[in-house]
Amino acid sequence: MECPKNIIVLQIITFGEILDNKKIIADTFADAFSNVFTIEPSGCLPKLNNICKLISFTDISFTTEVVHKKLKQLKVSKSPGPDLITAKTLHDCVDTLSEVLCSLMKQSFDSGTLPADWKIATVRPIVKKGDKLDASNYRPISLTSVVSKIMESIIYDQLIKYLIDHHLIPNEQHGFLPGKSIQSNLLTCLSVWTREVDRGNSVDVIFLDFSKAFDKVPKRRLLYKLQCLGISGNLIKWIESFISEGTFSVKVGDSFSRPVKMQSGVPQGSTLGPLLFLAYTADLKNILTSPFAMYADDVKLYNTSTNNSLLIQDLPAILKWAHDWLLPLNIKKCNVLYIGKHNPKFTYSIGGVQLEKKDYCQDLGVTISSDISWSQHIIRVVKKANSVLYLLSKAFCKPSYSTFVKLYKSFVGPILEFANAVWTPILQRDLLLLESVQRRATKVPFGRTRPQYSERLSLMNLTSLTQRRLRGDLIVTFQALTDQLSPIRRLFTLNTDLRTRGHRFKLLREVFRTTIRQFFISNRVFHHWNSLRDETVSSPSVISFKIRYDTLDAAST
């Protein structure tokens with residue numbers, strides 16, 4: 001089966017036997033995915049304290065103009081659902097279909113039901129990590145009707161505005177929310193951790209892992225929580241239909257598994273599903289006393305070692321929450337990271353099971369070590385980038401400069417620059433190791449006879465990775481300082497002294513004692529940001545800032 005990320009499933013092991021029959025493989029995946037569903041018991045539901053009695057959200061506005069806009073914004077490469085209606089067809093027929101589809105959506109919403117075809121999904125298995133021959137290491141991504149996704153998108157836009165405007169989603173949640181990202185999650189946490197280390201304190205970070213969380217959300221409890229958040233009327237009826245009586249078939253190659261009923265969960269790959277999950281876990285903020293951060297189902301608690309009593313009392317509280325709301329913790333995958341030289345490394349346990357102690361942890365794709373040095377992360381990134389670069393060099397024989405630059409920027413560059421505002425090489429050996437990937441990449445189009453590295457960069461219209469990282473830091477700083485709602489705006493302190501020369505967004509210098517804090521983004525970008533031209537900093541948009549920086553400031557910074 002061909003699927004996103006170019007993962008091809010050819011064999012799966014079951015009962016110790018390697019299978020290569022695509023129909024049997026599809027059924028094996030269907031069994032694996034259905035086995036994680038939650039069978040919700042009948043009876044009373046757990047008590048929920050944050051019930052919204054004064055506000056309610058009942059209806060969604062569907063207009064021809066909104067549907068027309070959504071159709072125009074469709075990516076024509078989007079895969080069709082089981083109804084085989086392609087995004088390109090909808091995009092090309094936007095003027096004809098807008099009014100018809102708007103009427104269909106209104107009828108679906110007012111009746112509180114979805115057309116039968118919208119409740120059928122084709123599931124594509126996407127490998128997460130681990131053994132690719134083990135079906136349990138795959139994530140089910142649902143391909144549903146494109147028309148259904150457009151309707152979901154319209155509901156999503158209005159529902160998320162309601163949840164955010166009424167502060168019903170915790171500020172600590174960074175997943176699937178406008179203006180927030182993996183980068184904002186990590187920067188927010190690292191700002192606290194590095195400052196505490198700079199003050200001479202140590203920090204304990206507990207990483208929690210919910211087992212198959214998206215697939216295990218129980219439907220009756222989800223609807224109850226949505227009602228407690230003030231969602232009612234036609235909207236709650238439509239959502240109930242959206243999450244009920246759905247079926248899926250796993251596709252491997254040209255073969256399909258038998259249809260399987262979805263007994264729990266929110267569809268991964270849908271537009272509305274992730275937001276429903278955020279609403280389901282929103283009440284976590286009411287039971288935690290320690291600082292925490294979330295990215296969808298990834299949760300981390302942290303506190304200074306002197307305040308670890310708060311962490312100790314949070315662990316049984318979150319275990320009880322997981323039990324009550326049927327989202328079990330995978331305790332074997334929960335672990336603790338001790339940050340700081342003189343950390344006493346207190347032992348934490350959940351349900352009588354000691355959490356594994358780590359010297360470094362994978363946090364949302366970034367390797368964070370106990371000394372926050374980034375060397376482990378850089379080693380991992382370079383290894384992965386070199387592997388991809390090797391495959392590209394073998395797959396494309398003597399590519400032109402322009403062709404290989406496109407390949408490099410598409411497949412290698414994102415690996416080297418992922419969340420690069422979070423981390424930065426401090427040691428010279430790490431700087432050279434990172435740059436060695438691009439040095440090797442620029443050799444591919446030239447063969448044995450090639451000019452010097454600097455000349456190759458010029459011929460291929462590339463800059464050094466150091467310059468790329470600086471540019472990325474400045475873009476993040478611009479976004480933070482010019483967006484009043486930015487979650488990382490408070491990480492930067494503006495200089496309010498009107499007597500200073502230069503632009504109006506000058507940063508105030510922070511006093512620090514350690515290298516860890518010195519190389520945090522707000523400090524490492526200080527001189528470069530303050531030296532930018534006023535014309536660049538006053539750009540009306542991020543795109544404009546990039547253009548002005550590249551043309552006016554890049555050479556001097």
# chains A, B, ... in the order shown; residues from 1 in each chain; ligands from 1
>>> select_by_dssp(residues="stretch 275-495 of chain A", states="strand (DSSP E)", output="PyMOL selection string")
chain A and resi 292-295+298-304+335-339+349-350+353-354+356-358+360-363+366-369
>>> closest_atom_pairs(of="stretch 257-350 of chain A", to="stretch 148-155 of chain A", cutoff="10 Å", atoms="only C-alpha atoms", output="JSON lines")
{"residue": "A:Gly269", "atom": "CA", "partner": "A:Lys149", "partner_atom": "CA", "distance": 9.6}
{"residue": "A:Ser270", "atom": "CA", "partner": "A:Lys149", "partner_atom": "CA", "distance": 6.8}
{"residue": "A:Thr271", "atom": "CA", "partner": "A:Glu152", "partner_atom": "CA", "distance": 5.9}
{"residue": "A:Leu272", "atom": "CA", "partner": "A:Glu152", "partner_atom": "CA", "distance": 5.5}
{"residue": "A:Gly273", "atom": "CA", "partner": "A:Glu152", "partner_atom": "CA", "distance": 8.9}
>>> write_last_selection(atoms="C-alpha atoms", output="short mmCIF file (atom, residue, chain, number, x, y, z; two decimals), in the first residue's frame")
data_model
loop_
_atom_site.label_atom_id
_atom_site.label_comp_id
_atom_site.auth_asym_id
_atom_site.auth_seq_id
_atom_site.Cartn_x
_atom_site.Cartn_y
_atom_site.Cartn_z
CA GLY A 269 -7.04 12.24 9.78
CA SER A 270 -10.34 14.06 10.22
CA THR A 271 -10.56 17.83 10.61
CA LEU A 272 -12.81 17.96 13.66
CA GLY A 273 -11.44 14.92 15.53
#
>>> closest_atom_pairs(of="stretch 180-228 of chain A", to="stretch 299-310 of chain A", cutoff="9 Å", atoms="only C-alpha atoms", output="JSON lines")
{"residue": "A:Cys189", "atom": "CA", "partner": "A:Tyr302", "partner_atom": "CA", "distance": 8.8}
{"residue": "A:Trp193", "atom": "CA", "partner": "A:Thr304", "partner_atom": "CA", "distance": 8.6}
{"residue": "A:Glu196", "atom": "CA", "partner": "A:Thr304", "partner_atom": "CA", "distance": 7.6}
{"residue": "A:Asn201", "atom": "CA", "partner": "A:Thr304", "partner_atom": "CA", "distance": 6.7}
{"residue": "A:Ser202", "atom": "CA", "partner": "A:Thr304", "partner_atom": "CA", "distance": 5.6}
{"residue": "A:Val203", "atom": "CA", "partner": "A:Thr304", "partner_atom": "CA", "distance": 4.2}
{"residue": "A:Asp204", "atom": "CA", "partner": "A:Tyr302", "partner_atom": "CA", "distance": 5.5}
{"residue": "A:Val205", "atom": "CA", "partner": "A:Tyr302", "partner_atom": "CA", "distance": 4.3}
{"residue": "A:Ile206", "atom": "CA", "partner": "A:Leu301", "partner_atom": "CA", "distance": 5.1}
{"residue": "A:Phe207", "atom": "CA", "partner": "A:Lys300", "partner_atom": "CA", "distance": 4.5}
{"residue": "A:Leu208", "atom": "CA", "partner": "A:Val299", "partner_atom": "CA", "distance": 5.4}
{"residue": "A:Asp209", "atom": "CA", "partner": "A:Val299", "partner_atom": "CA", "distance": 7.2}
{"residue": "A:Phe210", "atom": "CA", "partner": "A:Val299", "partner_atom": "CA", "distance": 8.6}
>>> residues_around(residues="stretch 98-108 of chain A", least_positions_apart="4", cutoff="8 Å", atoms="only C-alpha atoms", output="count of residues only")
15
>>> atom_distance(atom1="atom CA of A:Gly230", atom2="atom CA of A:Pro218")
18.9 Å
>>> closest_atom_pairs(of="stretch 115-159 of chain A", to="stretch 27-43 of chain A", cutoff="10 Å", atoms="only C-alpha atoms", output="Markdown table")
| residue | atom | partner | partner_atom | distance |
| --- | --- | --- | --- | --- |
| A:Val123 | CA | A:Ala30 | CA | 8.8 |
| A:Arg124 | CA | A:Phe29 | CA | 9.5 |
| A:Pro125 | CA | A:Phe29 | CA | 7.6 |
| A:Asp134 | CA | A:Phe29 | CA | 9.5 |
| A:Ala135 | CA | A:Phe29 | CA | 5.9 |
| A:Ser136 | CA | A:Ala32 | CA | 6.2 |
| A:Asn137 | CA | A:Ala32 | CA | 9.6 |
| A:Tyr138 | CA | A:Phe29 | CA | 8.5 |
| A:Arg139 | CA | A:Phe33 | CA | 8.2 |
| A:Pro140 | CA | A:Phe33 | CA | 7.0 |
>>> decode(residues="stretch 407-553 of chain A", atoms="C-alpha atoms", output="mmCIF file, in the first residue's frame")
data_model
loop_
_atom_site.group_PDB
_atom_site.id
_atom_site.type_symbol
_atom_site.label_atom_id
_atom_site.label_comp_id
_atom_site.auth_asym_id
_atom_site.auth_seq_id
_atom_site.Cartn_x
_atom_site.Cartn_y
_atom_site.Cartn_z
ATOM 1 C CA LEU A 407 15.352 17.692 -3.422
ATOM 2 C CA TYR A 408 17.668 18.881 -0.643
ATOM 3 C CA LYS A 409 15.260 21.589 0.533
ATOM 4 C CA SER A 410 12.303 19.194 0.444
ATOM 5 C CA PHE A 411 13.779 16.128 2.141
ATOM 6 C CA VAL A 412 17.001 17.028 3.990
ATOM 7 C CA GLY A 413 16.564 20.672 5.002
ATOM 8 C CA PRO A 414 13.419 20.111 7.111
ATOM 9 C CA ILE A 415 15.256 17.454 9.145
ATOM 10 C CA LEU A 416 18.139 19.809 9.920
ATOM 11 C CA GLU A 417 15.882 22.774 10.687
ATOM 12 C CA PHE A 418 12.967 21.176 12.556
ATOM 13 C CA ALA A 419 12.112 23.362 15.580
ATOM 14 C CA ASN A 420 15.485 25.089 15.162
ATOM 15 C CA ALA A 421 14.437 28.023 17.344
ATOM 16 C CA VAL A 422 14.352 25.574 20.265
ATOM 17 C CA TRP A 423 17.900 24.285 19.982
ATOM 18 C CA THR A 424 21.225 25.605 18.751
ATOM 19 C CA PRO A 425 24.723 24.086 18.575
ATOM 20 C CA ILE A 426 26.953 25.445 21.314
ATOM 21 C CA LEU A 427 30.139 23.431 20.751
ATOM 22 C CA GLN A 428 32.288 23.884 17.675
ATOM 23 C CA ARG A 429 32.212 20.149 16.984
ATOM 24 C CA ASP A 430 28.402 20.264 16.823
ATOM 25 C CA LEU A 431 28.506 23.236 14.453
ATOM 26 C CA LEU A 432 30.875 21.414 12.133
ATOM 27 C CA LEU A 433 28.884 18.186 12.343
ATOM 28 C CA LEU A 434 25.688 19.917 11.258
ATOM 29 C CA GLU A 435 27.381 21.840 8.453
ATOM 30 C CA SER A 436 29.009 18.626 7.210
ATOM 31 C CA VAL A 437 25.614 17.410 5.973
ATOM 32 C CA GLN A 438 25.195 20.408 3.696
ATOM 33 C CA ARG A 439 28.845 20.202 2.619
ATOM 34 C CA ARG A 440 28.224 16.619 1.530
ATOM 35 C CA ALA A 441 24.927 17.529 -0.150
ATOM 36 C CA THR A 442 26.469 20.291 -2.275
ATOM 37 C CA LYS A 443 29.054 17.845 -3.630
ATOM 38 C CA VAL A 444 26.455 15.550 -5.232
ATOM 39 C CA PRO A 445 25.707 17.565 -8.433
ATOM 40 C CA PHE A 446 29.417 18.232 -9.102
ATOM 41 C CA GLY A 447 30.940 14.768 -8.889
ATOM 42 C CA ARG A 448 34.686 14.445 -8.341
ATOM 43 C CA THR A 449 35.625 17.837 -9.811
ATOM 44 C CA ARG A 450 34.042 20.484 -7.642
ATOM 45 C CA PRO A 451 34.735 24.018 -6.410
ATOM 46 C CA GLN A 452 35.136 25.079 -2.779
ATOM 47 C CA TYR A 453 32.178 24.873 -0.389
ATOM 48 C CA SER A 454 31.519 28.629 -0.387
ATOM 49 C CA GLU A 455 31.433 28.694 -4.181
ATOM 50 C CA ARG A 456 29.122 25.671 -4.281
ATOM 51 C CA LEU A 457 26.730 27.468 -1.942
ATOM 52 C CA SER A 458 26.758 30.490 -4.228
ATOM 53 C CA LEU A 459 26.157 28.418 -7.374
ATOM 54 C CA MET A 460 23.277 26.565 -5.730
ATOM 55 C CA ASN A 461 21.824 29.734 -4.132
ATOM 56 C CA LEU A 462 22.163 28.340 -0.603
ATOM 57 C CA THR A 463 23.432 29.840 2.652
ATOM 58 C CA SER A 464 25.274 28.152 5.507
ATOM 59 C CA LEU A 465 23.177 26.399 8.136
ATOM 60 C CA THR A 466 24.396 28.896 10.729
ATOM 61 C CA GLN A 467 22.897 31.718 8.680
ATOM 62 C CA ARG A 468 19.693 29.716 8.196
ATOM 63 C CA ARG A 469 19.336 29.192 11.945
ATOM 64 C CA LEU A 470 19.871 32.897 12.638
ATOM 65 C CA ARG A 471 17.250 33.803 10.054
ATOM 66 C CA GLY A 472 14.852 31.327 11.664
ATOM 67 C CA ASP A 473 15.467 32.821 15.120
ATOM 68 C CA LEU A 474 14.741 36.337 13.838
ATOM 69 C CA ILE A 475 11.520 35.210 12.149
ATOM 70 C CA VAL A 476 10.309 33.595 15.379
ATOM 71 C CA THR A 477 11.217 36.769 17.294
ATOM 72 C CA PHE A 478 9.335 38.932 14.786
ATOM 73 C CA GLN A 479 6.236 36.740 15.068
ATOM 74 C CA ALA A 480 6.363 36.820 18.866
ATOM 75 C CA LEU A 481 6.794 40.585 19.192
ATOM 76 C CA THR A 482 4.259 41.633 16.556
ATOM 77 C CA ASP A 483 1.466 39.246 17.559
ATOM 78 C CA GLN A 484 -0.254 40.246 20.794
ATOM 79 C CA LEU A 485 -1.693 36.722 21.148
ATOM 80 C CA SER A 486 1.581 34.864 20.549
ATOM 81 C CA PRO A 487 2.131 32.222 23.274
ATOM 82 C CA ILE A 488 5.868 33.001 23.354
ATOM 83 C CA ARG A 489 5.625 36.803 23.379
ATOM 84 C CA ARG A 490 6.317 36.901 27.126
ATOM 85 C CA LEU A 491 9.691 35.174 26.580
ATOM 86 C CA PHE A 492 11.065 38.442 25.172
ATOM 87 C CA THR A 493 11.437 41.646 27.203
ATOM 88 C CA LEU A 494 11.130 44.917 25.284
ATOM 89 C CA ASN A 495 13.334 47.881 26.092
ATOM 90 C CA THR A 496 10.875 50.646 26.970
ATOM 91 C CA ASP A 497 13.543 53.344 27.231
ATOM 92 C CA LEU A 498 12.479 55.868 24.572
ATOM 93 C CA ARG A 499 15.976 57.405 24.500
ATOM 94 C CA THR A 500 17.528 54.400 22.782
ATOM 95 C CA ARG A 501 18.267 54.632 19.082
ATOM 96 C CA GLY A 502 16.925 52.240 16.513
ATOM 97 C CA HIS A 503 13.594 50.522 16.025
ATOM 98 C CA ARG A 504 10.682 50.410 18.493
ATOM 99 C CA PHE A 505 10.935 46.668 19.206
ATOM 100 C CA LYS A 506 14.407 46.661 20.749
ATOM 101 C CA LEU A 507 14.993 43.935 23.317
ATOM 102 C CA LEU A 508 16.211 44.498 26.851
ATOM 103 C CA ARG A 509 19.393 42.653 27.718
ATOM 104 C CA GLU A 510 18.959 39.869 30.252
ATOM 105 C CA VAL A 511 21.502 39.117 32.966
ATOM 106 C CA PHE A 512 22.503 35.446 32.933
ATOM 107 C CA ARG A 513 25.118 33.277 34.622
ATOM 108 C CA THR A 514 25.201 30.064 32.615
ATOM 109 C CA THR A 515 25.811 29.010 29.029
ATOM 110 C CA ILE A 516 22.440 27.247 29.011
ATOM 111 C CA ARG A 517 20.601 30.539 29.502
ATOM 112 C CA GLN A 518 23.017 32.492 27.305
ATOM 113 C CA PHE A 519 22.071 30.393 24.276
ATOM 114 C CA PHE A 520 18.309 30.465 24.839
ATOM 115 C CA ILE A 521 16.636 32.215 21.902
ATOM 116 C CA SER A 522 15.790 35.474 23.700
ATOM 117 C CA ASN A 523 19.467 35.956 24.570
ATOM 118 C CA ARG A 524 21.259 34.542 21.538
ATOM 119 C CA VAL A 525 19.160 36.702 19.198
ATOM 120 C CA PHE A 526 19.599 39.900 21.248
ATOM 121 C CA HIS A 527 22.379 41.672 19.295
ATOM 122 C CA HIS A 528 21.194 40.518 15.869
ATOM 123 C CA TRP A 529 17.604 41.597 16.485
ATOM 124 C CA ASN A 530 18.503 45.007 17.907
ATOM 125 C CA SER A 531 20.775 45.731 14.940
ATOM 126 C CA LEU A 532 18.025 45.209 12.336
ATOM 127 C CA ARG A 533 16.787 48.182 10.339
ATOM 128 C CA ASP A 534 13.543 49.812 11.408
ATOM 129 C CA GLU A 535 12.164 49.170 7.920
ATOM 130 C CA THR A 536 12.644 45.419 8.426
ATOM 131 C CA VAL A 537 11.202 45.228 11.928
ATOM 132 C CA SER A 538 8.189 47.340 10.873
ATOM 133 C CA SER A 539 7.219 44.850 8.160
ATOM 134 C CA PRO A 540 3.434 44.322 7.931
ATOM 135 C CA SER A 541 3.691 40.533 7.628
ATOM 136 C CA VAL A 542 6.054 37.607 8.086
ATOM 137 C CA ILE A 543 6.516 37.268 4.330
ATOM 138 C CA SER A 544 7.423 40.947 4.076
ATOM 139 C CA PHE A 545 9.855 40.564 6.987
ATOM 140 C CA LYS A 546 11.619 37.669 5.243
ATOM 141 C CA ILE A 547 11.982 39.648 2.011
ATOM 142 C CA ARG A 548 13.282 42.783 3.709
ATOM 143 C CA TYR A 549 15.673 40.842 5.917
ATOM 144 C CA ASP A 550 17.105 38.933 2.946
ATOM 145 C CA THR A 551 17.588 42.095 0.881
ATOM 146 C CA LEU A 552 18.568 44.632 3.567
ATOM 147 C CA ASP A 553 20.006 42.927 6.644
#
